[in-house]
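The file protein06.cif comes next; it holds mmCIF, C-alpha atoms and all ligand atoms.
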data_run
loop_
_atom_site.group_PDB
_atom_site.id
_atom_site.type_symbol
_atom_site.label_atom_id
_atom_site.label_comp_id
_atom_site.auth_asym_id
_atom_site.auth_seq_id
_atom_site.Cartn_x
_atom_site.Cartn_y
_atom_site.Cartn_z
ATOM 1 C CA MET A 1 -1.306 153.143 -128.949
ATOM 2 C CA PRO A 2 -4.608 153.596 -127.217
ATOM 3 C CA ASP A 3 -6.683 156.238 -125.478
ATOM 4 C CA ILE A 4 -6.591 155.187 -121.820
ATOM 5 C CA ALA A 5 -9.350 156.300 -119.450
ATOM 6 C CA VAL A 6 -7.248 156.867 -116.347
ATOM 7 C CA TRP A 7 -10.035 157.839 -113.947
ATOM 8 C CA ASN A 8 -13.795 158.171 -114.361
ATOM 9 C CA LYS A 9 -14.577 160.930 -111.845
ATOM 10 C CA CYS A 10 -14.258 164.620 -112.688
ATOM 11 C CA ASP A 11 -14.550 167.831 -110.687
ATOM 12 C CA ASN A 12 -15.943 169.749 -113.668
ATOM 13 C CA ARG A 13 -19.346 169.168 -115.275
ATOM 14 C CA CYS A 14 -18.648 170.537 -118.730
ATOM 15 C CA VAL A 15 -21.738 170.972 -120.837
ATOM 16 C CA MET A 16 -19.961 169.649 -123.951
ATOM 17 C CA CYS A 17 -18.196 166.678 -122.285
ATOM 18 C CA THR A 18 -18.031 163.732 -124.689
ATOM 19 C CA ASN A 19 -18.473 161.191 -121.878
ATOM 20 C CA MET A 20 -21.876 159.723 -121.104
ATOM 21 C CA ALA A 21 -23.539 160.582 -117.783
ATOM 22 C CA SER A 22 -23.170 156.902 -116.817
ATOM 23 C CA PHE A 23 -19.344 157.049 -117.009
ATOM 24 C CA PRO A 24 -18.607 158.897 -113.742
ATOM 25 C CA ALA A 25 -21.291 156.832 -112.030
ATOM 26 C CA GLN A 26 -19.277 153.624 -112.580
ATOM 27 C CA ASP A 27 -17.344 152.016 -109.735
ATOM 28 C CA SER A 28 -13.808 153.487 -109.873
ATOM 29 C CA GLY A 29 -12.238 150.186 -108.834
ATOM 30 C CA GLN A 30 -11.625 149.245 -112.459
ATOM 31 C CA TYR A 31 -9.399 152.336 -112.806
ATOM 32 C CA SER A 32 -7.157 151.517 -109.845
ATOM 33 C CA LEU A 33 -3.380 151.515 -110.234
ATOM 34 C CA GLU A 34 -3.328 147.718 -110.147
ATOM 35 C CA TRP A 35 -5.983 147.413 -112.890
ATOM 36 C CA GLN A 36 -4.323 150.020 -115.060
ATOM 37 C CA ILE A 37 -0.980 148.229 -114.841
ATOM 38 C CA ARG A 38 -2.583 144.860 -115.513
ATOM 39 C CA LYS A 39 -4.325 146.213 -118.603
ATOM 40 C CA MET A 40 -1.232 147.874 -120.008
ATOM 41 C CA GLU A 41 0.901 144.767 -119.452
ATOM 42 C CA ARG A 42 -1.715 142.682 -121.305
ATOM 43 C CA TYR A 43 -1.707 145.220 -124.123
ATOM 44 C CA LEU A 44 2.090 145.279 -124.378
ATOM 45 C CA ARG A 45 2.153 141.479 -124.573
ATOM 46 C CA GLY A 46 -0.497 141.520 -127.325
ATOM 47 C CA LEU A 47 -2.965 139.504 -125.259
ATOM 48 C CA GLY A 48 -6.254 140.497 -126.896
ATOM 49 C CA LYS A 49 -8.180 143.738 -127.324
ATOM 50 C CA THR A 50 -7.605 145.662 -124.117
ATOM 51 C CA TYR A 51 -8.437 149.228 -125.100
ATOM 52 C CA LEU A 52 -11.356 150.413 -127.231
ATOM 53 C CA LYS A 53 -10.069 153.590 -128.889
ATOM 54 C CA ASN A 54 -7.050 154.029 -131.180
ATOM 55 C CA ALA A 55 -5.469 150.775 -129.994
ATOM 56 C CA ASP A 56 -3.776 150.204 -133.363
ATOM 57 C CA ASP A 57 -2.118 153.600 -133.679
ATOM 58 C CA PRO A 58 1.513 152.986 -132.686
ATOM 59 C CA GLY A 59 2.763 156.562 -132.206
ATOM 60 C CA PHE A 60 1.151 157.940 -129.066
ATOM 61 C CA VAL A 61 -0.919 157.381 -125.941
ATOM 62 C CA SER A 62 -3.640 159.679 -124.634
ATOM 63 C CA LEU A 63 -4.400 159.618 -120.913
ATOM 64 C CA THR A 64 -7.987 160.741 -120.492
ATOM 65 C CA GLY A 65 -10.849 160.651 -118.005
ATOM 66 C CA GLY A 66 -12.853 161.857 -116.197
ATOM 67 C CA GLU A 67 -10.100 163.932 -114.731
ATOM 68 C CA PRO A 68 -6.835 161.943 -114.611
ATOM 69 C CA THR A 69 -5.200 164.187 -111.986
ATOM 70 C CA LEU A 70 -7.872 163.121 -109.453
ATOM 71 C CA HIS A 71 -6.615 159.524 -109.570
ATOM 72 C CA PRO A 72 -5.426 158.619 -106.037
ATOM 73 C CA ASP A 73 -2.212 157.190 -107.541
ATOM 74 C CA PHE A 74 -1.798 159.779 -110.283
ATOM 75 C CA PHE A 75 1.974 160.202 -109.961
ATOM 76 C CA LYS A 76 2.612 156.469 -109.715
ATOM 77 C CA LEU A 77 0.593 156.015 -112.912
ATOM 78 C CA ILE A 78 2.452 158.754 -114.757
ATOM 79 C CA SER A 79 5.786 157.247 -113.704
ATOM 80 C CA TYR A 80 4.649 153.758 -114.703
ATOM 81 C CA PHE A 81 3.399 154.796 -118.171
ATOM 82 C CA ARG A 82 6.547 156.869 -118.777
ATOM 83 C CA ARG A 83 8.816 153.957 -117.821
ATOM 84 C CA ARG A 84 6.898 151.284 -119.773
ATOM 85 C CA LEU A 85 6.402 153.425 -122.910
ATOM 86 C CA PRO A 86 9.866 154.851 -123.571
ATOM 87 C CA GLY A 87 9.986 157.068 -126.641
ATOM 88 C CA ILE A 88 6.200 156.988 -127.064
ATOM 89 C CA SER A 89 4.538 160.394 -127.015
ATOM 90 C CA ILE A 90 2.134 160.610 -124.050
ATOM 91 C CA THR A 91 -0.593 163.264 -123.928
ATOM 92 C CA LEU A 92 -2.458 163.950 -120.692
ATOM 93 C CA LEU A 93 -5.904 165.509 -121.122
ATOM 94 C CA SER A 94 -6.853 167.444 -118.000
ATOM 95 C CA ASN A 95 -9.042 170.329 -116.895
ATOM 96 C CA GLY A 96 -5.868 171.790 -115.397
ATOM 97 C CA ARG A 97 -7.358 172.696 -112.044
ATOM 98 C CA ARG A 98 -5.080 170.600 -109.846
ATOM 99 C CA PHE A 99 -2.022 172.249 -111.399
ATOM 100 C CA SER A 100 -3.084 175.445 -109.625
ATOM 101 C CA ASP A 101 -1.303 173.894 -106.623
ATOM 102 C CA PRO A 102 2.335 174.836 -107.288
ATOM 103 C CA GLY A 103 3.658 171.715 -105.524
ATOM 104 C CA PHE A 104 1.410 169.433 -107.581
ATOM 105 C CA ALA A 105 2.477 171.191 -110.787
ATOM 106 C CA ARG A 106 6.190 170.895 -109.898
ATOM 107 C CA ARG A 107 5.826 167.186 -109.161
ATOM 108 C CA PHE A 108 4.068 166.638 -112.482
ATOM 109 C CA LEU A 109 6.725 168.595 -114.381
ATOM 110 C CA ARG A 110 9.382 166.302 -112.902
ATOM 111 C CA ALA A 111 7.451 163.108 -113.773
ATOM 112 C CA ALA A 112 6.397 164.085 -117.303
ATOM 113 C CA ALA A 113 9.655 163.319 -119.067
ATOM 114 C CA PRO A 114 9.595 163.882 -122.840
ATOM 115 C CA PRO A 115 8.016 163.151 -125.188
ATOM 116 C CA PHE A 116 5.076 164.368 -123.101
ATOM 117 C CA ALA A 117 2.255 166.864 -123.672
ATOM 118 C CA VAL A 118 -0.661 168.119 -121.626
ATOM 119 C CA GLY A 119 -3.903 169.346 -123.224
ATOM 120 C CA ILE A 120 -6.135 171.660 -121.166
ATOM 121 C CA PRO A 121 -9.428 173.190 -122.336
ATOM 122 C CA LEU A 122 -10.204 176.838 -121.741
ATOM 123 C CA HIS A 123 -13.862 177.576 -122.422
ATOM 124 C CA ALA A 124 -13.612 181.377 -122.527
ATOM 125 C CA GLY A 125 -11.472 184.313 -121.466
ATOM 126 C CA THR A 126 -13.781 185.285 -118.596
ATOM 127 C CA ALA A 127 -14.588 183.511 -115.352
ATOM 128 C CA ALA A 128 -18.323 183.971 -115.827
ATOM 129 C CA LEU A 129 -18.516 182.154 -119.169
ATOM 130 C CA HIS A 130 -15.837 179.546 -118.500
ATOM 131 C CA ASP A 131 -17.415 178.580 -115.185
ATOM 132 C CA ARG A 132 -20.881 178.424 -116.741
ATOM 133 C CA ILE A 133 -19.637 175.963 -119.379
ATOM 134 C CA ALA A 134 -17.522 173.989 -116.878
ATOM 135 C CA GLY A 135 -20.455 173.835 -114.463
ATOM 136 C CA VAL A 136 -18.295 174.829 -111.475
ATOM 137 C CA LYS A 137 -17.755 178.243 -109.932
ATOM 138 C CA GLY A 138 -14.050 178.936 -109.505
ATOM 139 C CA ALA A 139 -12.933 176.536 -112.252
ATOM 140 C CA PHE A 140 -11.620 179.350 -114.458
ATOM 141 C CA ALA A 141 -9.332 180.779 -111.776
ATOM 142 C CA GLN A 142 -7.839 177.350 -111.045
ATOM 143 C CA THR A 143 -7.406 176.365 -114.703
ATOM 144 C CA VAL A 144 -5.707 179.658 -115.569
ATOM 145 C CA LYS A 145 -3.443 179.420 -112.516
ATOM 146 C CA GLY A 146 -2.660 175.793 -113.404
ATOM 147 C CA LEU A 147 -1.716 176.765 -116.947
ATOM 148 C CA GLY A 148 0.500 179.515 -115.570
ATOM 149 C CA ASN A 149 2.286 177.045 -113.271
ATOM 150 C CA LEU A 150 2.923 174.646 -116.163
ATOM 151 C CA LEU A 151 4.161 177.410 -118.470
ATOM 152 C CA ALA A 152 6.339 179.271 -115.960
ATOM 153 C CA PRO A 153 9.459 177.042 -116.103
ATOM 154 C CA ARG A 154 11.650 177.479 -119.178
ATOM 155 C CA SER A 155 11.207 173.820 -120.143
ATOM 156 C CA GLY A 156 8.667 171.073 -119.548
ATOM 157 C CA PRO A 157 6.014 169.071 -121.371
ATOM 158 C CA GLU A 158 4.338 170.665 -124.363
ATOM 159 C CA VAL A 159 1.219 172.554 -123.311
ATOM 160 C CA GLU A 160 -1.805 172.672 -125.608
ATOM 161 C CA ILE A 161 -4.656 175.027 -124.716
ATOM 162 C CA ARG A 162 -7.856 173.662 -126.235
ATOM 163 C CA LEU A 163 -10.691 175.964 -127.244
ATOM 164 C CA VAL A 164 -13.713 173.729 -127.868
ATOM 165 C CA LEU A 165 -16.145 175.832 -129.886
ATOM 166 C CA HIS A 166 -19.932 175.595 -129.652
ATOM 167 C CA ARG A 167 -22.883 177.951 -129.505
ATOM 168 C CA LEU A 168 -22.233 179.043 -125.916
ATOM 169 C CA ASN A 169 -18.734 180.381 -126.534
ATOM 170 C CA ILE A 170 -18.336 181.059 -130.258
ATOM 171 C CA GLY A 171 -19.309 184.715 -129.789
ATOM 172 C CA ALA A 172 -16.460 185.058 -127.282
ATOM 173 C CA PHE A 173 -13.788 183.532 -129.536
ATOM 174 C CA ARG A 174 -11.917 186.773 -130.208
ATOM 175 C CA GLY A 175 -12.041 187.663 -126.513
ATOM 176 C CA THR A 176 -10.651 184.250 -125.581
ATOM 177 C CA LEU A 177 -7.693 184.677 -127.944
ATOM 178 C CA ALA A 178 -7.052 188.189 -126.617
ATOM 179 C CA PHE A 179 -7.153 186.836 -123.052
ATOM 180 C CA LEU A 180 -4.564 184.165 -123.878
ATOM 181 C CA ARG A 181 -2.187 186.784 -125.265
ATOM 182 C CA ARG A 182 -2.476 188.820 -122.069
ATOM 183 C CA ALA A 183 -2.535 186.043 -119.505
ATOM 184 C CA PHE A 184 0.487 184.018 -120.616
ATOM 185 C CA ARG A 185 2.699 186.729 -122.095
ATOM 186 C CA GLY A 186 6.366 186.174 -121.323
ATOM 187 C CA LEU A 187 5.935 182.494 -120.409
ATOM 188 C CA ARG A 188 7.263 179.629 -122.511
ATOM 189 C CA PRO A 189 5.566 178.825 -125.843
ATOM 190 C CA TYR A 190 2.347 176.830 -125.967
ATOM 191 C CA ARG A 191 0.027 175.556 -128.676
ATOM 192 C CA VAL A 192 -3.585 176.637 -129.164
ATOM 193 C CA THR A 193 -6.114 174.314 -130.794
ATOM 194 C CA ALA A 194 -9.541 175.579 -131.838
ATOM 195 C CA ILE A 195 -11.802 172.538 -132.045
ATOM 196 C CA HIS A 196 -15.345 172.394 -133.391
ATOM 197 C CA TYR A 197 -17.198 170.446 -130.688
ATOM 198 C CA GLU A 198 -17.938 166.729 -131.095
ATOM 199 C CA ILE A 199 -21.522 165.493 -130.747
ATOM 200 C CA GLU A 200 -21.459 162.569 -128.330
ATOM 201 C CA GLY A 201 -21.974 161.858 -124.644
ATOM 202 C CA MET A 202 -23.174 164.876 -122.666
ATOM 203 C CA SER A 203 -22.627 167.051 -125.725
ATOM 204 C CA LEU A 204 -25.337 165.048 -127.500
ATOM 205 C CA GLU A 205 -27.649 165.232 -124.478
ATOM 206 C CA ASN A 206 -27.169 169.002 -124.277
ATOM 207 C CA HIS A 207 -27.244 169.574 -128.003
ATOM 208 C CA ALA A 208 -30.194 171.951 -127.960
ATOM 209 C CA ARG A 209 -27.974 174.412 -126.047
ATOM 210 C CA LEU A 210 -24.759 173.726 -127.939
ATOM 211 C CA ALA A 211 -25.801 173.345 -131.570
ATOM 212 C CA LEU A 212 -23.434 175.274 -133.821
ATOM 213 C CA ARG A 213 -22.944 174.839 -137.549
ATOM 214 C CA LEU A 214 -19.447 174.500 -138.919
ATOM 215 C CA THR A 215 -20.161 177.419 -141.241
ATOM 216 C CA ASP A 216 -20.742 179.704 -138.248
ATOM 217 C CA SER A 217 -17.769 178.336 -136.348
ATOM 218 C CA ALA A 218 -15.498 178.823 -139.385
ATOM 219 C CA ARG A 219 -16.866 182.333 -139.917
ATOM 220 C CA ALA A 220 -15.910 183.320 -136.354
ATOM 221 C CA ILE A 221 -12.448 181.869 -136.903
ATOM 222 C CA GLY A 222 -12.069 183.837 -140.140
ATOM 223 C CA ALA A 223 -13.122 187.029 -138.347
ATOM 224 C CA ALA A 224 -10.328 186.460 -135.819
ATOM 225 C CA ALA A 225 -7.606 185.890 -138.442
ATOM 226 C CA ASP A 226 -5.713 189.005 -137.262
ATOM 227 C CA LEU A 227 -5.491 187.630 -133.705
ATOM 228 C CA ILE A 228 -4.758 184.096 -134.907
ATOM 229 C CA ALA A 229 -1.717 185.451 -136.758
ATOM 230 C CA GLY A 230 -0.213 186.397 -133.384
ATOM 231 C CA PHE A 231 -0.029 182.759 -132.241
ATOM 232 C CA PRO A 232 3.010 180.886 -133.569
ATOM 233 C CA ASP A 233 1.296 177.481 -133.223
ATOM 234 C CA LEU A 234 -2.492 177.566 -133.593
ATOM 235 C CA ARG A 235 -4.286 174.565 -135.107
ATOM 236 C CA LEU A 236 -7.861 174.014 -136.244
ATOM 237 C CA TYR A 237 -9.436 170.606 -135.656
ATOM 238 C CA HIS A 238 -12.519 169.042 -137.289
ATOM 239 C CA PHE A 239 -13.021 171.709 -139.973
ATOM 240 C CA PRO A 240 -13.730 170.721 -143.609
ATOM 241 C CA LEU A 241 -11.254 172.755 -145.651
ATOM 242 C CA CYS A 242 -13.933 174.212 -147.924
ATOM 243 C CA LEU A 243 -15.521 176.070 -144.994
ATOM 244 C CA VAL A 244 -12.299 177.689 -143.766
ATOM 245 C CA PRO A 245 -10.893 180.879 -145.345
ATOM 246 C CA PRO A 246 -8.079 179.885 -147.749
ATOM 247 C CA ALA A 247 -5.383 181.681 -145.736
ATOM 248 C CA LEU A 248 -6.198 179.581 -142.656
ATOM 249 C CA ARG A 249 -6.471 176.165 -144.333
ATOM 250 C CA GLU A 250 -2.839 175.328 -143.614
ATOM 251 C CA LYS A 251 -3.771 175.407 -139.918
ATOM 252 C CA CYS A 252 -6.347 172.595 -140.302
ATOM 253 C CA TRP A 253 -5.374 169.160 -138.995
ATOM 254 C CA THR A 254 -7.029 165.767 -139.235
ATOM 255 C CA THR A 255 -7.117 164.244 -135.759
ATOM 256 C CA LEU A 256 -10.167 161.967 -135.662
ATOM 257 C CA PRO A 257 -9.847 158.325 -136.756
ATOM 258 C CA ARG A 258 -11.135 157.533 -140.255
ATOM 259 C CA GLU A 259 -14.157 155.664 -138.889
ATOM 260 C CA ASP A 260 -15.447 158.862 -137.241
ATOM 261 C CA ARG A 261 -15.278 160.940 -140.456
ATOM 262 C CA CYS A 262 -16.977 160.871 -143.858
ATOM 263 C CA TYR A 263 -16.665 162.390 -147.323
ATOM 264 C CA PRO A 264 -20.208 162.967 -148.620
ATOM 265 C CA ALA A 265 -21.054 162.904 -152.323
ATOM 266 C CA ALA A 266 -19.999 166.537 -152.824
ATOM 267 C CA CYS A 267 -16.421 165.644 -151.890
ATOM 268 C CA ARG A 268 -15.972 163.321 -154.887
ATOM 269 C CA ARG A 269 -15.207 166.169 -157.228
ATOM 270 C CA CYS A 270 -13.294 168.341 -154.750
ATOM 271 C CA ARG A 271 -9.616 168.983 -155.301
ATOM 272 C CA LEU A 272 -9.082 169.722 -151.574
ATOM 273 C CA ARG A 273 -10.072 166.218 -150.561
ATOM 274 C CA PRO A 274 -6.549 164.684 -150.218
ATOM 275 C CA GLY A 275 -5.664 166.944 -147.270
ATOM 276 C CA CYS A 276 -9.157 167.424 -145.888
ATOM 277 C CA PRO A 277 -10.498 166.006 -142.592
ATOM 278 C CA GLY A 278 -13.954 165.703 -144.224
ATOM 279 C CA LEU A 279 -17.052 165.876 -142.075
ATOM 280 C CA MET A 280 -17.557 164.332 -138.631
ATOM 281 C CA LYS A 281 -20.119 161.533 -138.976
ATOM 282 C CA GLU A 282 -22.038 162.689 -135.917
ATOM 283 C CA TYR A 283 -22.147 166.212 -137.327
ATOM 284 C CA ARG A 284 -23.598 164.901 -140.580
ATOM 285 C CA LYS A 285 -26.322 163.078 -138.624
ATOM 286 C CA ALA A 286 -27.264 166.302 -136.842
ATOM 287 C CA PHE A 287 -26.900 168.862 -139.632
ATOM 288 C CA GLY A 288 -26.507 167.015 -142.947
ATOM 289 C CA ALA A 289 -23.825 167.813 -145.515
ATOM 290 C CA GLY A 290 -25.435 170.758 -147.301
ATOM 291 C CA GLU A 291 -22.839 173.273 -146.105
ATOM 292 C CA LEU A 292 -19.929 171.733 -148.011
ATOM 293 C CA ARG A 293 -18.601 173.754 -150.946
ATOM 294 C CA PRO A 294 -16.307 171.533 -153.043
ATOM 295 C CA LEU A 295 -13.517 173.191 -154.984
ATOM 296 C CA CYS A 296 -13.816 171.739 -158.453
ATOM 297 C CA SER A 297 -11.531 173.782 -160.712
HETATM 298 S S1 LIG A 301 -16.072 169.327 -150.227
HETATM 299 FE FE1 LIG A 301 -15.444 167.588 -148.949
HETATM 300 S S2 LIG A 301 -13.310 167.165 -149.505
HETATM 301 FE FE2 LIG A 301 -13.807 169.192 -150.287
HETATM 302 S S3 LIG A 301 -13.066 170.553 -148.692
HETATM 303 FE FE3 LIG A 301 -15.263 170.180 -148.323
HETATM 304 S S4 LIG A 301 -15.310 168.457 -146.917
HETATM 305 FE FE4 LIG A 301 -13.257 168.534 -147.769
#

Structure rendered as structure tokens:
Amino acid sequence: MPDIAVWNKCDNRCVMCTNMASFPAQDSGQYSLEWQIRKMERYLRGLGKTYLKNADDPGFVSLTGGEPTLHPDFFKLISYFRRRLPGISITLLSNGRRFSDPGFARRFLRAAAPPFAVGIPLHAGTAALHDRIAGVKGAFAQTVKGLGNLLAPRSGPEVEIRLVLHRLNIGAFRGTLAFLRRAFRGLRPYRVTAIHYEIEGMSLENHARLALRLTDSARAIGAAADLIAGFPDLRLYHFPLCLVPPALREKCWTTLPREDRCYPAACRRCRLRPGCPGLMKEYRKAFGAGELRPLCS
């Protein structure tokens, strides 16, 4: 099932956003409730290529943006997708800010019948750094409050807190993990994903500020292994296994489609290759493949 861009506007201006600057500038008419329903009905009837990303993966749908919760018919859309995709896992990707309104969060919790997940990025464990990366003062307070509102009930959609790692926040990684432990203690379980940033859209435009090698990202993760051990479900995305300390390799997941990843020449003789995500193609363009350390024995 596809990635569906629900809405093209966003109230954050994240420095590492993977959308192009032209995306929010588009007319939002093509994201209206009517258009979204028309597209999905065409897709379900197999009437041609309707969605660009992951359209052939049958197991799940991702609702993305922009910021989907800003859609004027957000709840109607959630109800429609839930009804028309029974049993399909739906993941909503959001900056979480609108969930700071308790009424909005309660309404969402009622509409998001399982299997349903919501993924929300947290850029840092302090308002100053999170807001700097999000490009909006006050974003941190709203996102943290939103997460709290989603995690307060004993049941509800799965919540995934996404830590997208780049040069601006890698030095704060330990502090971010420590903040999570404090801020959401006693609430229901959630997942943490630490994701090496992807180089596309605004992230590519801003790359001079963001550039971070996988080696340095993996080193920071290794240095936080004691804190990582305190999270029952913490996953690492986009890391070649050879760069991650052996004890943390079981936490690495492959999430990007095959066409976005590569296995350079060094990988041919590596015994880790069968379970390895390899290298992101855009990363290889920016940094090459010289960091890889194949395990050959
Ligand atoms: S050398 Fe290649 S296959 Fe082996 S762990 Fe590194 S990226 Fe993966």

Next item on the list: Would you list the contacts of region 120-130 of chain A as a PyMOL selection string, taking every protein, DNA or RNA residue within 9 Å and counting only C-alpha atoms, but skipping same-chain residues closer than 5 positions in sequence?
Entry: chain A and resi 92-96+135-141+143-144+147+159-165+168-169+172-173+175-180

Next item on the list: Identify, on the basis of all atoms listed in the file, every residue whose closest approach to region 221-232 of chain A does not exceed 10 Å; exclude the query and any residue fewer than 4 positions from it along the same chain; express the result as a ChimeraX atom specification.
Entry: /A:165,170,173-175,177-178,180-181,189-192,194,215-217,236,243-248

Notebook entry, point to check: Restricting the calculation to all atoms listed in the file, which member of A:Pro240, A:Pro257, A:Pro115, A:Gly288 is positioned closest to ligand LIG 301 (chain A)?
Noted result: A:Pro240

Each chain A residue no farther than 6 Å from ligand LIG 301 (chain A), nearest pair in Å, all atoms listed in the file, as a Markdown table:
| residue | atom | partner | partner_atom | distance |
| --- | --- | --- | --- | --- |
| A:Pro240 | CA | A:LIG301 | S4 | 4.3 |
| A:Leu241 | CA | A:LIG301 | S3 | 4.2 |
| A:Cys242 | CA | A:LIG301 | S3 | 3.8 |
| A:Tyr263 | CA | A:LIG301 | FE1 | 5.6 |
| A:Ala266 | CA | A:LIG301 | S1 | 5.5 |
| A:Cys267 | CA | A:LIG301 | FE1 | 3.7 |
| A:Cys270 | CA | A:LIG301 | FE2 | 4.6 |
| A:Leu272 | CA | A:LIG301 | FE2 | 4.9 |
| A:Arg273 | CA | A:LIG301 | S2 | 3.5 |
| A:Cys276 | CA | A:LIG301 | FE4 | 4.6 |
| A:Gly278 | CA | A:LIG301 | S4 | 4.1 |
| A:Leu279 | CA | A:LIG301 | S4 | 5.8 |
| A:Leu292 | CA | A:LIG301 | FE3 | 4.9 |
| A:Arg293 | CA | A:LIG301 | S1 | 5.1 |
| A:Pro294 | CA | A:LIG301 | S1 | 3.6 |

Next item on the list: For the file shown, report as a ChimeraX atom specification the outcome of the PyMOL selection byres (((chain A and resi 209) around 12) and not hetatm) at residue level.
Entry: /A:15-16,133,166-169,199,202-208,210-212

What box, with edges along x, y and z, holds each listed atom of region 98-101 of chain A when 8 Å is added on every side, and can you state its centre and edge lengths in Å to one decimal, as JSON?
{"center_x": -3.2, "center_y": 173.0, "center_z": -109.0, "size_x": 19.8, "size_y": 20.8, "size_z": 20.8}

Check: Excluding same-chain residues fewer than 4 positions from Phe99 (chain A), what lies within 8 Å of it counting all atoms listed in the file, as a list in words?
Finding: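 Contacts, with the query itself left out: Phe104, Ala105, Gln142, Thr143, Lys145, Gly146, Leu147, Asn149 and Leu150 of chain A.
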
Next item on the list: Could you check how far CA of Ser79 (chain A) sits from CA of Ala111 (chain A), in Å to one decimal?
Entry: 6.1 Å

Margin query: With only C-alpha atoms as the counted atoms, please give the residues lying no more than 12 Å from Arg110 (chain A), apart from itself and same-chain residues fewer than 4 positions off, as a list in words.
Written below: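 Residues near the query, excluding close chain neighbours: Phe75, Ile78, Ser79, Arg82, Gly103, Phe104, Ala105, Arg106, Pro114, Phe116, Leu150, Pro153, Ser155, Gly156 and Pro157 of chain A.
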
Residues at most 10 Å from Met40 (chain A), counting only C-alpha atoms, excluding those fewer than 4 positions away in the same chain, as a short mmCIF file (atom, residue, chain, number, x, y, z; two decimals) with C-alpha atoms, in the coordinates of the input?
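Done, and the output landed in selection-v6.cif:
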data_model
loop_
_atom_site.label_atom_id
_atom_site.label_comp_id
_atom_site.auth_asym_id
_atom_site.auth_seq_id
_atom_site.Cartn_x
_atom_site.Cartn_y
_atom_site.Cartn_z
CA PRO A 2 -4.61 153.60 -127.22
CA ILE A 4 -6.59 155.19 -121.82
CA TRP A 35 -5.98 147.41 -112.89
CA GLN A 36 -4.32 150.02 -115.06
CA LEU A 44 2.09 145.28 -124.38
CA ARG A 45 2.15 141.48 -124.57
CA GLY A 46 -0.50 141.52 -127.32
CA THR A 50 -7.60 145.66 -124.12
CA TYR A 51 -8.44 149.23 -125.10
CA TYR A 80 4.65 153.76 -114.70
CA PHE A 81 3.40 154.80 -118.17
CA ARG A 84 6.90 151.28 -119.77
CA LEU A 85 6.40 153.43 -122.91
#

Next item on the list: Would you work out the distance separating CA of Lys39 (chain A) from CA of Gly201 (chain A), expressed in Å to one decimal?
Entry: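 Spanning CA of Lys39 (chain A) to CA of Gly201 (chain A) is a straight-line distance of 24.3 Å.
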
Next item on the list: Enumerate, as a PyMOL selection string, the residues matched when the PyMOL selection byres (((chain A and resi 33) around 10) and not hetatm) is run on the file above.
Entry: chain A and resi 6-7+29-32+34-39+71-74+76-77+80

Item checked: Residue nearest Lys285 (chain A) among A:Arg268, A:Glu200, A:Trp253, A:Arg185 (counting all atoms listed in the file) ->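 Looking only at the distances to Lys285 (chain A), the closest residue turns out to be A:Glu200.
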
Check: Could you state the separation of CA of Glu198 (chain A) and CA of Lys49 (chain A) in Å, given to one decimal place?
Finding: 25.3 Å

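Ranking A:Pro277, A:Arg107, A:Gly59, A:Thr18 by their shortest atom-to-atom distance to Gly87 (chain A), with only C-alpha atoms included, puts A:Gly59 first.
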
Next item on the list: Would you please work out which residue, of A:Arg83, A:Ser89, A:Ala134, A:Phe23, is nearest to Asp11 (chain A) when using all atoms listed in the file?
Entry: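 Closest to Asp11 (chain A) of all the choices is A:Ala134.
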
Checklist line | Nearest candidate to His196 (chain A) (options A:Arg219, A:Arg258, A:Lys9, A:Arg154; using all atoms listed in the file) | finding: A:Arg219
